[in-house]
$ cat data_4.txt   # compact mmCIF, C-alpha atoms
# COMPACT_ATOMS: atom_id res chain seq x y z
CA MET A 613 116.20 85.46 94.41
CA ARG A 614 115.63 81.71 94.23
CA LEU A 615 115.42 81.46 98.01
CA PHE A 616 112.92 84.29 98.13
CA ALA A 617 110.77 82.64 95.45
CA ILE A 618 110.91 79.37 97.38
CA ILE A 619 109.92 81.11 100.60
CA LEU A 620 107.02 82.77 98.82
CA SER A 621 105.80 79.48 97.52
CA PHE A 622 105.80 78.12 101.06
CA ILE A 623 103.19 80.61 102.15
CA LEU A 624 100.89 79.50 99.42
CA ILE A 625 97.58 79.12 101.16
CA GLN A 626 98.45 80.52 104.53
CA ASN A 627 99.28 83.89 106.10
CA ILE A 628 97.80 85.39 109.22
CA THR A 629 95.95 88.20 111.05
CA TYR A 630 93.35 90.09 109.16
CA GLY A 631 91.02 92.94 109.86
CA GLY A 632 87.86 93.11 107.80
CA GLU A 633 85.86 91.18 105.30
CA LEU A 634 87.51 89.91 102.16
CA MET A 635 85.54 90.96 99.12
CA SER A 636 85.71 90.21 95.45
CA PRO A 637 87.16 93.26 93.69
CA ILE A 638 84.23 92.96 91.27
CA ASP A 639 81.80 93.52 94.16
CA THR A 640 83.62 96.69 95.11
CA GLY A 641 82.77 98.25 91.76
CA PHE A 642 85.96 97.34 89.93
CA ASP A 643 85.25 97.42 86.19
CA ILE A 644 86.65 94.08 85.12
CA LYS A 645 85.60 94.52 81.48
CA ALA A 646 88.11 97.33 81.08
CA ILE A 647 91.08 95.17 82.01
CA LEU A 648 90.19 92.04 80.04
CA PRO A 649 92.16 92.74 76.82
CA LEU A 650 95.29 93.62 78.77
CA LEU A 651 95.38 90.43 80.79
CA ASN A 652 96.72 88.65 77.71
CA LYS A 653 100.00 90.44 78.45
CA GLY A 654 100.16 89.81 82.17
CA GLU A 655 98.56 90.02 85.59
CA LEU A 656 97.02 93.01 87.29
CA GLY A 657 97.60 93.52 90.99
CA PHE A 658 94.91 95.41 92.89
CA ILE A 659 95.67 96.74 96.35
CA GLU A 660 92.89 98.21 98.46
CA ASN A 661 92.98 101.59 100.14
CA SER A 662 93.19 100.74 103.79
CA LYS A 663 95.21 102.02 106.69
CA VAL A 664 94.66 98.73 108.49
CA ARG A 665 97.26 96.08 107.75
CA PRO A 666 97.14 93.67 106.13
CA LYS A 667 95.53 95.22 103.10
CA GLN A 668 93.52 93.14 100.69
CA VAL A 669 95.57 92.18 97.66
CA SER A 670 93.91 90.76 94.55
CA LEU A 671 95.60 89.40 91.48
CA PHE A 672 93.82 89.11 88.13
CA SER A 673 95.10 86.54 85.67
CA LEU A 674 93.79 85.17 82.38
CA ILE A 675 93.64 81.38 81.97
CA ASP A 676 93.24 79.82 78.57
CA ALA A 677 90.34 77.52 79.52
CA LYS A 678 86.65 77.83 80.26
CA PRO A 679 85.62 78.40 83.91
CA ASP A 680 84.43 74.81 84.42
CA LYS A 681 87.92 73.52 83.64
CA VAL A 682 89.49 75.99 86.07
CA TRP A 683 86.88 75.09 88.68
CA GLU A 684 87.78 71.43 88.29
CA VAL A 685 91.38 72.18 89.27
CA LEU A 686 90.47 74.56 92.11
CA THR A 687 88.23 71.99 93.78
CA ASP A 688 90.43 68.95 93.19
CA TYR A 689 91.87 69.08 96.70
CA GLU A 690 93.20 65.52 96.65
CA HIS A 691 95.55 66.54 93.84
CA TYR A 692 96.73 69.81 95.41
CA PRO A 693 100.19 68.34 96.18
CA GLU A 694 100.67 67.89 92.43
CA ILE A 695 99.31 71.35 91.63
CA PHE A 696 101.07 73.37 94.35
CA PRO A 697 104.68 72.31 95.03
CA SER A 698 104.61 73.50 98.65
CA VAL A 699 101.53 71.46 99.59
CA LEU A 700 102.77 68.13 100.96
CA GLU A 701 99.41 66.63 101.87
CA CYS A 702 95.84 67.63 101.32
CA LYS A 703 92.75 65.76 102.42
CA VAL A 704 89.04 66.54 102.39
CA VAL A 705 87.77 65.78 105.90
CA LYS A 706 84.10 66.67 105.57
CA VAL A 707 81.56 68.39 103.38
CA GLU A 708 78.71 70.38 104.94
CA GLY A 709 76.37 71.83 102.37
CA ASP A 710 78.36 74.20 100.21
CA THR A 711 81.39 74.10 102.51
CA THR A 712 84.32 71.69 102.20
CA PHE A 713 86.71 71.27 105.11
CA VAL A 714 90.25 70.42 104.03
CA ASP A 715 93.34 69.44 106.04
CA TYR A 716 96.68 70.67 104.73
CA LYS A 717 100.28 69.87 105.42
CA LEU A 718 102.53 72.56 104.03
CA ASP A 719 106.29 72.50 103.56
CA ALA A 720 107.78 75.44 105.46
CA VAL A 721 111.48 74.79 104.79
CA LEU A 722 112.73 73.37 108.09
CA TYR A 723 109.38 72.19 109.37
CA SER A 724 105.86 71.68 108.13
CA LEU A 725 102.62 73.44 108.97
CA ARG A 726 99.37 71.59 109.55
CA TYR A 727 96.05 73.35 109.44
CA ARG A 728 92.42 73.04 108.41
CA LEU A 729 90.73 75.43 106.00
CA LYS A 730 87.11 75.66 105.02
CA HIS A 731 86.21 76.36 101.43
CA ARG A 732 82.76 77.71 100.63
CA HIS A 733 81.89 76.87 97.04
CA ILE A 734 79.66 78.98 94.85
CA PRO A 735 79.99 76.73 91.81
CA VAL A 736 81.96 78.04 88.90
CA ARG A 737 81.88 81.53 90.40
CA SER A 738 83.83 81.76 93.60
CA ILE A 739 85.44 79.99 96.54
CA GLU A 740 85.71 81.70 99.91
CA ILE A 741 88.45 80.29 102.09
CA SER A 742 89.10 80.79 105.78
CA VAL A 743 91.14 79.21 108.55
CA VAL A 744 89.45 76.75 110.90
CA SER A 745 92.27 75.41 113.08
CA GLY A 746 95.88 74.31 113.25
CA ASP A 747 99.17 76.15 112.88
CA LEU A 748 97.52 79.08 111.13
CA LYS A 749 95.70 81.57 113.32
CA SER A 750 93.64 83.44 110.76
CA GLY A 751 93.57 84.67 107.21
CA GLU A 752 91.06 85.04 104.41
CA TYR A 753 91.40 84.12 100.77
CA ARG A 754 89.09 83.81 97.82
CA TYR A 755 88.98 82.83 94.19
CA ASP A 756 86.62 84.52 91.76
CA LEU A 757 86.08 83.25 88.23
CA TYR A 758 84.89 85.46 85.43
CA PRO A 759 84.23 84.07 81.93
CA TYR A 760 85.85 85.94 79.06
CA GLU A 761 85.34 84.55 75.55
CA ASP A 762 86.63 80.95 75.81
CA LYS A 763 88.88 81.86 78.70
CA THR A 764 88.63 82.60 82.40
CA VAL A 765 89.74 85.55 84.41
CA LEU A 766 90.76 84.07 87.73
CA ILE A 767 91.04 86.51 90.60
CA TYR A 768 92.85 85.42 93.74
CA SER A 769 92.43 87.67 96.76
CA ILE A 770 94.38 87.54 100.00
CA LYS A 771 93.82 89.37 103.25
CA ALA A 772 96.47 88.06 105.58
CA SER A 773 99.88 88.74 107.01
CA ALA A 774 102.88 86.47 106.80
CA THR A 775 104.06 87.20 110.33
CA ASP A 776 103.12 83.87 111.88
CA THR A 777 104.28 81.52 109.19
CA SER A 778 107.80 80.20 108.64
CA PHE A 779 110.46 81.62 110.90
CA ILE A 780 112.31 83.00 107.88
CA LEU A 781 109.29 84.95 106.74
CA LYS A 782 108.62 86.04 110.28
CA LYS A 783 112.11 87.51 110.41
CA ILE A 784 111.72 89.22 107.04
CA VAL A 785 108.35 90.70 107.93
CA LYS A 786 109.45 91.63 111.45
CA LYS A 787 112.32 93.57 109.96
CA GLN A 788 110.22 94.93 107.14
CA PRO A 789 106.53 94.90 108.12
CA THR A 790 105.78 96.73 104.92
CA MET A 791 106.73 93.67 102.90
CA ASP A 792 103.30 92.14 103.46
CA GLU A 793 101.69 93.52 100.31
CA ALA A 794 104.70 92.64 98.14
CA ILE A 795 104.76 89.11 99.58
CA ASN A 796 101.03 88.67 99.06
CA ILE A 797 101.24 89.86 95.46
CA SER A 798 104.04 87.38 94.77
CA THR A 799 102.17 84.60 96.57
CA ALA A 800 99.13 85.29 94.41
CA ILE A 801 101.22 85.27 91.21
CA ILE A 802 102.81 81.94 92.14
CA THR A 803 99.42 80.45 93.09
CA LEU A 804 97.78 81.54 89.86
CA ASN A 805 100.73 80.34 87.76
CA ASN A 806 100.49 76.91 89.45
CA ILE A 807 96.78 76.74 88.65
CA LYS A 808 97.40 77.92 85.08
CA ASP A 809 100.00 75.15 84.60
CA ALA A 810 97.68 72.51 86.05
CA VAL A 811 94.80 73.55 83.77
CA LYS A 812 97.14 73.46 80.78
CA LYS A 813 98.49 70.04 81.74
CA ARG A 814 95.01 68.55 82.12
CA ALA A 815 93.93 69.92 78.75
CA LYS A 816 97.01 68.33 77.20
CA ASP A 817 96.45 65.00 78.99
CA ASN A 818 92.83 64.90 77.83
CA LYS A 819 93.76 65.30 74.18
CA MET B 711 99.63 116.72 106.90
CA SER B 712 101.06 115.98 103.48
CA MET B 713 101.55 112.53 102.01
CA LYS B 714 104.64 111.73 99.99
CA ILE B 715 105.22 108.94 97.51
CA GLY B 716 108.58 108.03 96.05
CA LEU B 717 108.45 107.37 92.31
CA ILE B 718 111.13 105.31 90.68
CA SER B 719 111.68 103.27 87.55
CA ASP B 720 114.27 101.59 85.34
CA ILE B 721 116.72 100.83 88.13
CA HIS B 722 118.27 97.96 86.16
CA GLY B 723 119.86 96.41 89.23
CA GLN B 724 121.73 99.51 90.32
CA PHE B 725 120.50 100.74 93.67
CA ASP B 726 121.66 104.25 94.50
CA ARG B 727 122.22 104.28 98.27
CA ARG B 728 121.37 107.98 98.37
CA LEU B 729 117.74 107.04 97.74
CA LYS B 730 117.61 106.22 101.44
CA THR B 731 118.12 109.91 102.16
CA LEU B 732 116.00 111.27 99.35
CA PHE B 733 113.06 108.98 100.14
CA LYS B 734 113.43 109.11 103.92
CA ASP B 735 110.11 110.93 104.41
CA VAL B 736 108.03 109.11 101.83
CA ASN B 737 105.05 107.03 102.96
CA HIS B 738 105.16 104.65 100.00
CA ILE B 739 107.27 103.92 96.94
CA LEU B 740 105.87 103.05 93.52
CA CYS B 741 108.23 101.45 91.04
CA ALA B 742 107.41 101.26 87.33
CA GLY B 743 109.53 98.27 86.39
CA ASP B 744 112.86 97.26 84.93
CA VAL B 745 113.91 96.63 88.50
CA GLY B 746 116.80 94.31 87.66
CA ASP B 747 116.82 91.98 90.63
CA LEU B 748 114.87 91.15 93.73
CA ASN B 749 117.42 92.70 96.03
CA ILE B 750 116.34 96.12 94.75
CA ILE B 751 112.77 95.49 95.91
CA ARG B 752 114.10 94.46 99.32
CA GLN B 753 116.21 97.60 99.58
CA LEU B 754 113.33 99.85 98.54
CA ASN B 755 111.09 98.16 101.11
CA GLU B 756 113.62 98.99 103.77
CA ILE B 757 112.85 102.63 103.02
CA ALA B 758 109.05 102.46 102.65
CA PRO B 759 106.31 100.03 101.53
CA THR B 760 107.04 99.43 97.89
CA LEU B 761 104.76 98.27 95.11
CA SER B 762 106.38 97.45 91.81
CA VAL B 763 105.39 96.16 88.41
CA ARG B 764 107.76 94.23 86.19
CA GLY B 765 109.40 95.75 83.14
CA ASN B 766 110.32 94.28 79.78
CA THR B 767 113.75 93.28 81.13
CA ASP B 768 112.40 91.69 84.33
CA ASN B 769 111.90 88.14 83.05
CA SER B 770 113.55 86.71 86.16
CA LEU B 771 110.91 88.46 88.28
CA ARG B 772 107.86 87.11 86.45
CA ASP B 773 106.80 85.13 89.53
CA ILE B 774 107.31 88.08 91.82
CA LEU B 775 106.00 91.21 90.13
CA PRO B 776 102.75 91.76 88.23
CA GLU B 777 102.43 93.47 84.84
CA TYR B 778 100.11 96.19 86.16
CA ILE B 779 99.18 97.56 89.57
CA PHE B 780 96.08 99.51 90.48
CA CYS B 781 96.23 100.73 94.06
CA LYS B 782 94.76 103.29 96.33
CA ILE B 783 96.96 105.18 98.74
CA ASP B 784 95.57 107.75 101.14
CA GLY B 785 92.51 108.17 98.94
CA LEU B 786 94.50 108.66 95.74
CA LYS B 787 94.21 106.11 92.95
CA PHE B 788 97.36 105.04 91.15
CA PHE B 789 97.88 102.92 88.06
CA VAL B 790 101.42 101.62 87.55
CA VAL B 791 102.69 100.14 84.30
CA HIS B 792 106.10 99.93 82.69
CA ILE B 793 105.42 100.82 79.05
CA MET B 794 103.05 103.60 77.99
CA GLU B 795 103.90 104.11 74.34
CA LYS B 796 101.72 104.68 71.32
CA SER B 797 103.84 102.14 69.44
CA ASP B 798 102.84 99.43 71.96
CA PRO B 799 100.43 96.94 70.34
CA LEU B 800 98.18 97.23 73.38
CA TRP B 801 98.22 101.01 73.47
CA GLN B 802 94.52 101.45 72.68
CA GLU B 803 93.44 98.90 75.27
CA LEU B 804 95.75 100.45 77.83
CA SER B 805 94.37 103.93 77.17
CA ARG B 806 90.84 102.61 77.41
CA LEU B 807 91.64 100.89 80.69
CA ILE B 808 93.22 103.98 82.17
CA TYR B 809 90.30 106.20 81.24
CA SER B 810 87.93 103.57 82.59
CA LEU B 811 89.72 103.12 85.92
CA LYS B 812 90.12 106.89 86.24
CA PRO B 813 93.21 106.84 88.43
CA ASP B 814 94.44 110.15 89.77
CA VAL B 815 98.00 109.32 88.76
CA VAL B 816 99.56 106.99 86.19
CA VAL B 817 103.17 106.08 86.94
CA TYR B 818 105.18 104.59 84.10
CA GLY B 819 108.76 104.27 82.88
CA HIS B 820 110.70 102.55 80.09
CA THR B 821 111.76 105.65 78.15
CA HIS B 822 114.37 106.74 80.74
CA ASN B 823 113.10 110.30 80.22
CA TYR B 824 111.32 112.01 83.07
CA TYR B 825 107.94 113.50 82.31
CA ALA B 826 104.92 114.92 84.14
CA SER B 827 101.74 116.11 82.55
CA SER B 828 98.00 116.03 82.99
CA SER B 829 95.28 114.89 80.62
CA ASN B 830 91.57 114.61 81.39
CA ASN B 831 92.27 115.07 85.10
CA ILE B 832 94.76 112.19 85.12
CA ILE B 833 98.37 112.99 85.96
CA PHE B 834 100.95 111.00 84.00
CA VAL B 835 104.38 110.76 85.59
CA ASN B 836 107.52 109.07 84.33
CA PRO B 837 110.22 109.48 86.98
CA GLY B 838 112.96 108.64 84.45
CA SER B 839 115.68 106.07 85.00
CA ALA B 840 117.30 105.69 88.41
CA GLY B 841 119.68 103.02 87.16
CA SER B 842 122.63 102.93 84.88
CA ASN B 843 123.22 105.53 82.22
CA ARG B 844 122.39 103.40 79.23
CA TYR B 845 121.82 106.49 77.19
CA PRO B 846 123.21 109.99 77.54
CA ILE B 847 120.35 110.80 79.86
CA VAL B 848 120.68 111.89 83.48
CA ARG B 849 119.55 109.48 86.19
CA THR B 850 116.40 110.67 87.91
CA CYS B 851 113.60 109.69 90.26
CA GLY B 852 110.63 111.53 91.68
CA ILE B 853 108.60 112.43 94.70
CA LEU B 854 104.90 113.08 94.56
CA GLU B 855 103.50 115.10 97.42
CA LYS B 856 99.83 115.52 98.19
CA MET B 857 98.96 118.74 99.96
CA ASP B 858 95.24 119.41 100.34
CA ASP B 859 93.94 119.83 96.80
CA THR B 860 97.32 119.89 95.13
CA LEU B 861 99.69 117.23 93.91
CA LEU B 862 103.28 118.34 93.58
CA VAL B 863 105.54 116.27 91.34
CA GLN B 864 109.26 116.78 91.87
CA ILE B 865 111.94 115.18 89.75
CA TYR B 866 115.41 114.80 91.27
CA GLU B 867 118.62 114.28 89.37
CA LEU B 868 120.82 111.56 90.82
CA GLY B 869 124.05 113.11 89.64
CA THR B 870 127.19 113.88 91.61
CA ASP B 871 124.80 115.70 93.91
CA ILE B 872 121.11 115.10 94.27
CA GLN B 873 119.24 118.15 93.12
CA MET B 874 115.73 119.00 92.10
CA LYS B 875 115.66 119.22 88.34
CA TYR B 876 112.01 119.87 87.67
CA TRP B 877 108.73 120.33 89.48
CA GLN B 878 105.14 120.82 88.56
CA SER B 879 102.02 121.14 90.65
CA PHE B 880 98.61 119.84 89.68
CA SER B 881 95.28 120.80 91.15
CA ILE B 882 93.04 117.91 92.12
CA LYS B 883 90.34 120.17 93.50
CA ASN B 884 87.91 119.34 90.70
CA ASN B 885 89.13 115.82 90.32
CA ASN B 886 86.14 113.59 90.99
CA HIS B 887 88.19 110.39 90.61
CA THR B 888 89.42 110.48 94.15
CA LYS B 889 87.21 109.00 96.81

$ encode --input "data_4.txt" --output "structure tokens"
Amino acid sequence: MRLFAIILSFILIQNITYGGELMSPIDTGFDIKAILPLLNKGELGFIENSKVRPKQVSLFSLIDAKPDKVWEVLTDYEHYPEIFPSVLECKVVKVEGDTTFVDYKLDAVLYSLRYRLKHRHIPVRSIEISVVSGDLKSGEYRYDLYPYEDKTVLIYSIKASATDTSFILKKIVKKQPTMDEAINISTAIITLNNIKDAVKKRAKDNK
Amino acid sequence: MSMKIGLISDIHGQFDRRLKTLFKDVNHILCAGDVGDLNIIRQLNEIAPTLSVRGNTDNSLRDILPEYIFCKIDGLKFFVVHIMEKSDPLWQELSRLIYSLKPDVVVYGHTHNYYASSSNNIIFVNPGSAGSNRYPIVRTCGILEKMDDTLLVQIYELGTDIQMKYWQSFSIKNNNHTK
């Protein structure tokens, strides 16, 4: 159980091979207003209807802070190693218009992965993330922020497969290719919980 | 060609190996929580792609399983949640959400009693408990089969032998939820 959770945390911002554009669930007609009251109890996982693997997985979570505070954490790349335990190093290499290019070094148990991602910012609304180069071949991710009272619904979407990441995950997924959606849901939960904790910690530190 | 989905809930850490036989033809498995431990999810995934929510006893799986799942499989919309009780403080919000999302099927658990019924073109299925006999209730799980415009819900008793205990078919011909 612990090992599995650790492995999941290692694939935090990675994963591989995708087929199709990653969309915000809100843009696909998902009625977010209907789920808002229930997010106080826990997350909602949304899995698209696709026969092509990997499927898009989106996780909705409620964060007890306004969107600008959540945005601050999401775009604070230099502090990602403190926010996400599996990120060893994180460095902004260049900014071109609304796009920030970031180099990552990720702990993958027995070795580390190095790769560059580009993050397209639509301030306080969404961040579209894709792979540029390095140990990751492909993969699409995005954050969408939705204000709700004094809180934020943060939606993290993943369209990727874990097959080319750590050798342990590769073995798991090779044996059970159907694990992709379950792994992506767990990855999204861990990611959102890390962000939630970081937002909470900053609010506490600022008091 | 028909599509089959294995429905299971309240396993409480006790995986019945015979599920491998019962679910051998299913395309997916939906689990409505109270899984018990992560090994169960792994074992279910060995049978078919499994999506599971967490139940009220799944605190150790909080980083693994979400509270709710809304998914689309072969054109059918499913909403999965562990508790669907009127006594739940969030009952009204949950009902509102379900009627807003308009899933074809709601899969839930918690009561350990199997159940299948339809309301406002939404089919509600509780496959019962596939885990330990905490109460004097038989262990059960279900299979949902989609055949053209019909959904067939079958509940199987996991007793000394596995036998079909109950079935009900639902027409989805006039169901405009499904896209």

$ closest_atom_pairs --input "data_4.txt" --of "chain A" --to "chain B" --cutoff "6 Å" --atoms "only C-alpha atoms" --output "JSON lines"
{"residue": "A:Met613", "atom": "CA", "partner": "B:Leu748", "partner_atom": "CA", "distance": 5.9}
{"residue": "A:Ala646", "atom": "CA", "partner": "B:Leu807", "partner_atom": "CA", "distance": 5.0}
{"residue": "A:Ile647", "atom": "CA", "partner": "B:Leu807", "partner_atom": "CA", "distance": 5.9}
{"residue": "A:Gly654", "atom": "CA", "partner": "B:Glu777", "partner_atom": "CA", "distance": 5.1}
{"residue": "A:Glu655", "atom": "CA", "partner": "B:Glu777", "partner_atom": "CA", "distance": 5.2}
{"residue": "A:Leu656", "atom": "CA", "partner": "B:Tyr778", "partner_atom": "CA", "distance": 4.6}
{"residue": "A:Gly657", "atom": "CA", "partner": "B:Ile779", "partner_atom": "CA", "distance": 4.6}
{"residue": "A:Phe658", "atom": "CA", "partner": "B:Phe780", "partner_atom": "CA", "distance": 4.9}
{"residue": "A:Ile659", "atom": "CA", "partner": "B:Cys781", "partner_atom": "CA", "distance": 4.6}
{"residue": "A:Glu660", "atom": "CA", "partner": "B:Lys782", "partner_atom": "CA", "distance": 5.8}
{"residue": "A:Asn661", "atom": "CA", "partner": "B:Lys782", "partner_atom": "CA", "distance": 4.5}
{"residue": "A:Thr790", "atom": "CA", "partner": "B:Pro759", "partner_atom": "CA", "distance": 4.8}
{"residue": "A:Ser798", "atom": "CA", "partner": "B:Ile774", "partner_atom": "CA", "distance": 4.5}
{"residue": "A:Ile801", "atom": "CA", "partner": "B:Asp773", "partner_atom": "CA", "distance": 5.8}
{"residue": "A:Ile802", "atom": "CA", "partner": "B:Asp773", "partner_atom": "CA", "distance": 5.7}

$ atom_distance --input "data_4.txt" --atom1 "CA of Gly716 in chain B" --atom2 "CA of Glu795 in chain B"
22.6 Å

$ atom_distance --input "data_4.txt" --atom1 "CA of Leu718 in chain A" --atom2 "CA of Val699 in chain A"
4.7 Å

$ atom_distance --input "data_4.txt" --atom1 "CA of Asp871 in chain B" --atom2 "CA of Ser827 in chain B"
25.7 Å

$ residues_near_point --input "data_4.txt" --point "(100.7, 124.9, 89.3)" --cutoff "10 Å" --atoms "all atoms listed in the file" --output "PyMOL selection string"
chain B and resi 860-862+877-881

$ residues_around --input "data_4.txt" --residues "range 828-839 of chain B" --least-positions-apart "3" --cutoff "9 Å" --atoms "all atoms listed in the file" --output "count of residues only"
43

$ residues_around --input "data_4.txt" --residues "range 726-742 of chain A" --least-positions-apart "5" --cutoff "10 Å" --atoms "only C-alpha atoms" --output "PyMOL selection string"
chain A and resi 625-626+634-636+678-684+686-687+700-719+747-759+766-770

$ residues_near_point --input "data_4.txt" --point "(107.8, 112.0, 97.0)" --cutoff "6 Å" --atoms "all atoms listed in the file" --output "JSON, numbers by chain"
{"B": [714, 715, 716, 736, 853, 854, 855]}

$ residues_around --input "data_4.txt" --residues "Asn796 in chain A" --least-positions-apart "2" --cutoff "8 Å" --atoms "only C-alpha atoms" --output "list in words"
Val669, Ile770, Ala772, Asp792, Glu793, Ala794, Ser798, Thr799 and Ala800 of chain A

$ decode --input "data_4.txt" --residues "range 724-743 of chain A" --atoms "N, CA and C atoms" --output "mmCIF file, in the first residue's frame"
data_model
loop_
_atom_site.group_PDB
_atom_site.id
_atom_site.type_symbol
_atom_site.label_atom_id
_atom_site.label_comp_id
_atom_site.auth_asym_id
_atom_site.auth_seq_id
_atom_site.Cartn_x
_atom_site.Cartn_y
_atom_site.Cartn_z
ATOM 1 N N SER A 724 16.488 9.019 -11.503
ATOM 2 C CA SER A 724 15.671 10.229 -11.606
ATOM 3 C C SER A 724 15.374 10.540 -13.077
ATOM 4 N N LEU A 725 14.268 11.187 -13.287
ATOM 5 C CA LEU A 725 13.871 11.578 -14.639
ATOM 6 C C LEU A 725 14.109 13.070 -14.812
ATOM 7 N N ARG A 726 14.610 13.440 -15.979
ATOM 8 C CA ARG A 726 14.791 14.865 -16.280
ATOM 9 C C ARG A 726 13.991 15.182 -17.540
ATOM 10 N N TYR A 727 13.247 16.243 -17.480
ATOM 11 C CA TYR A 727 12.440 16.609 -18.644
ATOM 12 C C TYR A 727 12.036 18.073 -18.568
ATOM 13 N N ARG A 728 11.620 18.588 -19.724
ATOM 14 C CA ARG A 728 11.160 19.979 -19.791
ATOM 15 C C ARG A 728 9.671 20.001 -20.157
ATOM 16 N N LEU A 729 8.919 20.784 -19.416
ATOM 17 C CA LEU A 729 7.490 20.957 -19.704
ATOM 18 C C LEU A 729 7.235 22.417 -20.036
ATOM 19 N N LYS A 730 6.220 22.629 -20.872
ATOM 20 C CA LYS A 730 5.808 24.028 -21.067
ATOM 21 C C LYS A 730 4.417 24.216 -20.465
ATOM 22 N N HIS A 731 4.294 25.343 -19.786
ATOM 23 C CA HIS A 731 3.054 25.652 -19.071
ATOM 24 C C HIS A 731 2.443 26.906 -19.679
ATOM 25 N N ARG A 732 1.289 26.767 -20.291
ATOM 26 C CA ARG A 732 0.626 27.955 -20.852
ATOM 27 C C ARG A 732 -0.351 28.494 -19.819
ATOM 28 N N HIS A 733 -0.097 29.735 -19.407
ATOM 29 C CA HIS A 733 -0.904 30.345 -18.337
ATOM 30 C C HIS A 733 -2.067 31.157 -18.898
ATOM 31 N N ILE A 734 -3.237 30.896 -18.412
ATOM 32 C CA ILE A 734 -4.370 31.805 -18.624
ATOM 33 C C ILE A 734 -4.728 32.255 -17.214
ATOM 34 N N PRO A 735 -4.179 33.414 -16.798
ATOM 35 C CA PRO A 735 -4.149 33.766 -15.379
ATOM 36 C C PRO A 735 -5.452 33.568 -14.603
ATOM 37 N N VAL A 736 -5.234 32.928 -13.510
ATOM 38 C CA VAL A 736 -6.254 32.593 -12.512
ATOM 39 C C VAL A 736 -7.410 31.786 -13.098
ATOM 40 N N ARG A 737 -7.195 31.195 -14.271
ATOM 41 C CA ARG A 737 -8.233 30.347 -14.857
ATOM 42 C C ARG A 737 -7.736 28.952 -15.196
ATOM 43 N N SER A 738 -6.618 28.894 -15.904
ATOM 44 C CA SER A 738 -6.146 27.557 -16.270
ATOM 45 C C SER A 738 -4.662 27.549 -16.647
ATOM 46 N N ILE A 739 -4.085 26.370 -16.553
ATOM 47 C CA ILE A 739 -2.705 26.156 -17.006
ATOM 48 C C ILE A 739 -2.709 24.887 -17.862
ATOM 49 N N GLU A 740 -2.239 25.040 -19.091
ATOM 50 C CA GLU A 740 -2.150 23.877 -19.983
ATOM 51 C C GLU A 740 -0.696 23.431 -20.025
ATOM 52 N N ILE A 741 -0.480 22.161 -19.766
ATOM 53 C CA ILE A 741 0.892 21.662 -19.629
ATOM 54 C C ILE A 741 1.161 20.565 -20.665
ATOM 55 N N SER A 742 2.303 20.673 -21.318
ATOM 56 C CA SER A 742 2.681 19.588 -22.237
ATOM 57 C C SER A 742 4.188 19.366 -22.207
ATOM 58 N N VAL A 743 4.582 18.205 -22.708
ATOM 59 C CA VAL A 743 5.990 17.803 -22.666
ATOM 60 C C VAL A 743 6.755 18.439 -23.826
#
